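**Q** Got a structure for you, protein.txt, holding compact mmCIF, C-alpha atoms.
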# COMPACT_ATOMS: atom_id res chain seq x y z
CA MET A 1 173.05 175.00 45.85
CA GLU A 2 171.25 178.23 45.17
CA ASN A 3 171.56 179.93 41.78
CA THR A 4 172.13 183.62 42.45
CA GLY A 5 173.39 185.06 39.19
CA LEU A 6 174.38 182.38 36.74
CA SER A 7 172.39 180.67 34.04
CA ASN A 8 171.77 176.96 34.58
CA THR A 9 174.58 176.20 32.10
CA GLY A 10 176.91 178.64 33.88
CA ARG A 11 176.11 177.15 37.27
CA LYS A 12 176.77 173.59 36.04
CA ARG A 13 180.00 174.66 34.40
CA ALA A 14 181.14 176.60 37.50
CA LEU A 15 180.41 173.58 39.70
CA ALA A 16 182.40 171.31 37.38
CA TYR A 17 185.30 173.78 37.37
CA TRP A 18 185.21 173.98 41.16
CA GLU A 19 185.43 170.18 41.36
CA ASP A 20 188.34 170.26 38.87
CA ILE A 21 190.25 172.87 40.88
CA LYS A 22 189.76 170.89 44.10
CA ALA A 23 191.02 167.71 42.42
CA ASN A 24 193.82 169.38 40.41
CA PRO A 25 194.81 172.74 41.93
CA PRO A 26 196.74 174.84 39.42
CA PRO A 27 200.42 175.36 40.27
CA TYR A 28 201.26 178.52 42.23
CA SER A 29 197.59 179.48 42.52
CA TYR A 30 194.16 178.61 43.83
CA ALA A 31 190.55 179.76 43.41
CA GLU A 32 187.28 178.82 45.06
CA PRO A 33 183.75 180.13 45.44
CA ILE A 34 183.41 182.52 48.37
CA ASP A 35 180.18 180.77 49.29
CA GLU A 36 179.24 177.48 47.64
CA SER A 37 175.61 178.62 47.51
CA ASP A 38 176.64 181.39 45.06
CA LEU A 39 179.00 180.04 42.41
CA SER A 40 179.22 183.43 40.67
CA LYS A 41 181.57 184.97 43.29
CA TRP A 42 185.04 183.54 43.74
CA HIS A 43 188.29 184.50 45.36
CA GLY A 44 191.78 183.14 45.07
CA PHE A 45 195.46 183.86 45.06
CA ILE A 46 198.47 183.65 42.81
CA MET A 47 201.97 183.12 44.12
CA GLY A 48 204.74 184.97 42.32
CA PRO A 49 206.14 182.61 39.70
CA PRO A 50 209.68 181.23 40.13
CA ARG A 51 212.44 183.32 38.56
CA SER A 52 210.08 186.31 38.28
CA LEU A 53 210.09 189.76 39.83
CA TYR A 54 206.98 188.67 41.76
CA LEU A 55 208.63 185.69 43.48
CA GLY A 56 207.81 185.64 47.19
CA GLY A 57 204.53 187.50 46.76
CA ILE A 58 201.01 186.25 47.27
CA PHE A 59 198.47 188.16 45.17
CA HIS A 60 194.82 187.83 46.09
CA PHE A 61 192.08 188.34 43.52
CA ALA A 62 188.29 188.42 43.24
CA MET A 63 186.50 186.78 40.34
CA THR A 64 182.88 187.24 39.32
CA LEU A 65 181.29 184.93 36.80
CA GLN A 66 178.86 186.93 34.69
CA GLN A 67 175.27 185.79 34.18
CA ASP A 68 176.05 184.48 30.69
CA PHE A 69 179.19 182.61 31.78
CA PRO A 70 180.80 180.58 30.16
CA PHE A 71 179.98 182.56 27.02
CA LYS A 72 181.29 185.77 28.62
CA PRO A 73 184.59 185.90 30.52
CA PRO A 74 184.75 186.30 34.28
CA LYS A 75 185.62 189.69 35.73
CA ILE A 76 188.81 189.46 37.76
CA THR A 77 190.30 192.12 40.02
CA PHE A 78 193.50 191.86 41.99
CA LYS A 79 192.95 192.77 45.63
CA THR A 80 196.62 192.80 46.55
CA ARG A 81 198.38 195.87 45.26
CA ILE A 82 200.74 195.02 42.43
CA LEU A 83 202.94 196.94 40.02
CA HIS A 84 202.39 195.54 36.54
CA PRO A 85 201.85 197.27 33.18
CA ASN A 86 198.55 195.42 32.61
CA ILE A 87 197.07 195.82 36.11
CA SER A 88 195.63 199.15 37.20
CA GLU A 89 196.18 200.71 40.62
CA LYS A 90 192.72 199.45 41.59
CA GLY A 91 193.50 195.89 40.45
CA GLY A 92 191.74 195.90 37.06
CA ILE A 93 193.33 193.58 34.53
CA SER A 94 193.96 194.18 30.85
CA VAL A 95 194.66 190.79 29.31
CA ASP A 96 193.44 189.29 26.04
CA ILE A 97 191.90 186.13 27.53
CA LEU A 98 189.52 188.26 29.61
CA CYS A 99 188.43 190.24 26.57
CA HIS A 100 188.44 189.36 22.88
CA ASP A 101 190.41 186.10 23.24
CA TRP A 102 187.96 184.56 25.72
CA SER A 103 186.70 181.11 24.83
CA PRO A 104 183.93 179.17 26.58
CA ALA A 105 186.26 176.17 26.33
CA LEU A 106 188.74 177.81 28.72
CA THR A 107 188.38 176.26 32.17
CA LEU A 108 188.75 178.30 35.35
CA ASN A 109 191.71 176.10 36.26
CA LYS A 110 193.47 177.06 33.02
CA LEU A 111 192.41 180.70 33.40
CA VAL A 112 193.98 180.94 36.85
CA LEU A 113 197.13 179.22 35.57
CA SER A 114 197.22 181.74 32.69
CA LEU A 115 197.17 184.55 35.24
CA VAL A 116 200.29 183.09 36.85
CA SER A 117 202.22 183.24 33.58
CA PHE A 118 200.67 186.64 32.79
CA LEU A 119 202.39 188.09 35.87
CA ASP A 120 205.79 187.37 34.39
CA ASP A 121 204.87 188.34 30.84
CA GLY A 122 203.66 191.95 30.76
CA ASN A 123 202.28 193.37 27.53
CA PHE A 124 203.72 196.86 27.18
CA MET A 125 201.61 197.54 24.07
CA ASP A 126 198.23 197.23 25.84
CA VAL A 127 198.89 198.88 29.21
CA ASN A 128 196.51 199.41 32.08
CA ASP A 129 199.06 201.18 34.31
CA VAL A 130 200.69 203.93 32.26
CA GLN A 131 203.10 204.87 35.06
CA ALA A 132 204.43 201.31 35.36
CA ALA A 133 204.92 201.07 31.59
CA SER A 134 206.62 204.49 31.47
CA LEU A 135 208.96 203.56 34.32
CA TYR A 136 209.88 200.33 32.48
CA ARG A 137 210.64 202.25 29.28
CA GLU A 138 212.71 204.86 31.16
CA SER A 139 214.70 202.45 33.31
CA LYS A 140 214.22 198.71 33.44
CA GLU A 141 216.38 198.57 36.58
CA LYS A 142 214.21 201.13 38.44
CA TYR A 143 211.07 199.32 37.28
CA GLU A 144 212.35 195.97 38.57
CA GLU A 145 213.39 197.55 41.87
CA LYS A 146 209.95 199.11 42.31
CA VAL A 147 208.16 195.84 41.47
CA LYS A 148 210.23 194.01 44.09
CA ASN A 149 209.52 196.79 46.58
CA PHE A 150 205.76 196.44 45.94
CA VAL A 151 206.01 192.68 46.45
CA GLU A 152 207.79 193.18 49.76
CA ILE A 153 205.41 195.88 51.02
CA TYR A 154 202.04 194.64 49.73
CA ALA A 155 202.23 190.98 48.76
CA SER A 156 204.49 189.62 51.49
CA ASN A 157 202.37 191.15 54.24
CA GLU A 158 199.14 190.30 52.46
CA ASN A 159 197.93 193.90 52.57
CA CYS A 160 194.87 194.25 50.34
CA PHE A 161 192.74 196.94 48.81
CA ASP A 162 189.51 197.79 50.60
So that I can check it, write out the structure of this file as structure tokens.

**A**
Amino acid sequence: MENTGLSNTGRKRALAYWEDIKANPPPYSYAEPIDESDLSKWHGFIMGPPRSLYLGGIFHFAMTLQQDFPFKPPKITFKTRILHPNISEKGGISVDILCHDWSPALTLNKLVLSLVSFLDDGNFMDVNDVQAASLYRESKEKYEEKVKNFVEIYASNENCFD
């Protein structure tokens, strides 16, 4: 396999994580390299967790492992439009494990699984979508209705950002 952006350590770690995901896919989610010759670019999906507002949705994401992975966190962007206080309109994610709480010991399998639980556990103190957070604060019922509407429109039909 060609090394097109990762250090040797990063490439070995990414390959091991890919083998782990194939052997033990995380519940309600999946991730894989787009092209096995370039282990720095991945894609995957997360299914809306049971008993959550996102149930029934399939949310696609792109993940890029940085050159100094695993010492720097991957960059993850949701491609399916989603209404969430910590996900911007363009799919950017604001979550601790992708910033200051990143650990090289965190496997990609566990990272993807963390994203599943993150969907149902928004952090309204560190928002990335101010409008979603404001709507939640104004009316939890309207927020929940809008989230479910987004799931039906964007995640059920697998419409994605360009």

**Q** Using all atoms listed in the file, which of A:Lys12, A:Glu32, A:Asp120, A:Glu144 sits nearest A:Gly48?

**A**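 Closest to A:Gly48, using all atoms listed in the file: A:Asp120.
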
**Q** Write out as a ChimeraX atom specification the residues lying within 12 Å of A:Leu106, counting all atoms listed in the file and excluding same-chain residues fewer than 4 positions away.

**A** /A:13-14,17,69-74,97-98,101-102,110-114

**Q** Tell me, in Å to one decimal, how far atom CA of A:Ile82 is from atom CA of A:Phe150.

**A** 6.3 Å

**Q** For atom CA of A:Pro49 and atom CA of A:Val151, quote the distance in Å rounded to one decimal.

**A** 12.1 Å

**Q** Work out how far atom CA of A:Ser37 is from atom CA of A:Ile93, in Å to one decimal.

**A**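 Rounded to one decimal, the two atoms are 26.6 Å apart.
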
**Q** Would you mind listing what lies within 12 Å of A:Arg11 as a list in words, with only C-alpha atoms counted and same-chain residues fewer than 2 positions away left out?

**A** Met1, Glu2, Asn3, Thr4, Gly5, Leu6, Ser7, Asn8, Thr9, Arg13, Ala14, Leu15, Ala16, Tyr17, Trp18, Pro33, Glu36, Ser37, Asp38, Leu39, Ser40, Lys41, Leu65, Gln66, Gln67, Asp68, Phe69 and Pro70 of chain A

**Q** Using only C-alpha atoms, pick whichever of A:Gly57, A:Pro50, A:Pro26, A:Gly44 has the shortest atom-to-atom distance to A:Thr77.

**A** A:Gly44

**Q** Which of these, A:Ile76, A:Leu83, A:Ile34, A:Leu108, has the shortest distance to A:Asn149 once you count only C-alpha atoms?

**A**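 Nearest candidate to A:Asn149 out of A:Ile76, A:Leu83, A:Ile34, A:Leu108: A:Leu83.
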
**Q** When distances are computed from all atoms listed in the file, which of A:Ile153, A:Leu53, A:Leu115, A:Met125 shows the smallest separation from A:Lys140?

**A**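 Looking at the shortest contact to A:Lys140, the residue is A:Leu53.
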
**Q** Find, counting all atoms listed in the file, the residue in A:Asn128, A:Arg137, A:Tyr28, A:Glu19 that gets nearest to A:Tyr54.

**A** A:Tyr28

**Q** Check the smallest atom-to-atom distance from each of A:Ser117, A:His60, A:Thr107, A:Pro85 to A:Tyr136 using all atoms listed in the file, then report the winner.

**A**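 So, comparing all the options, the nearest one is A:Pro85.
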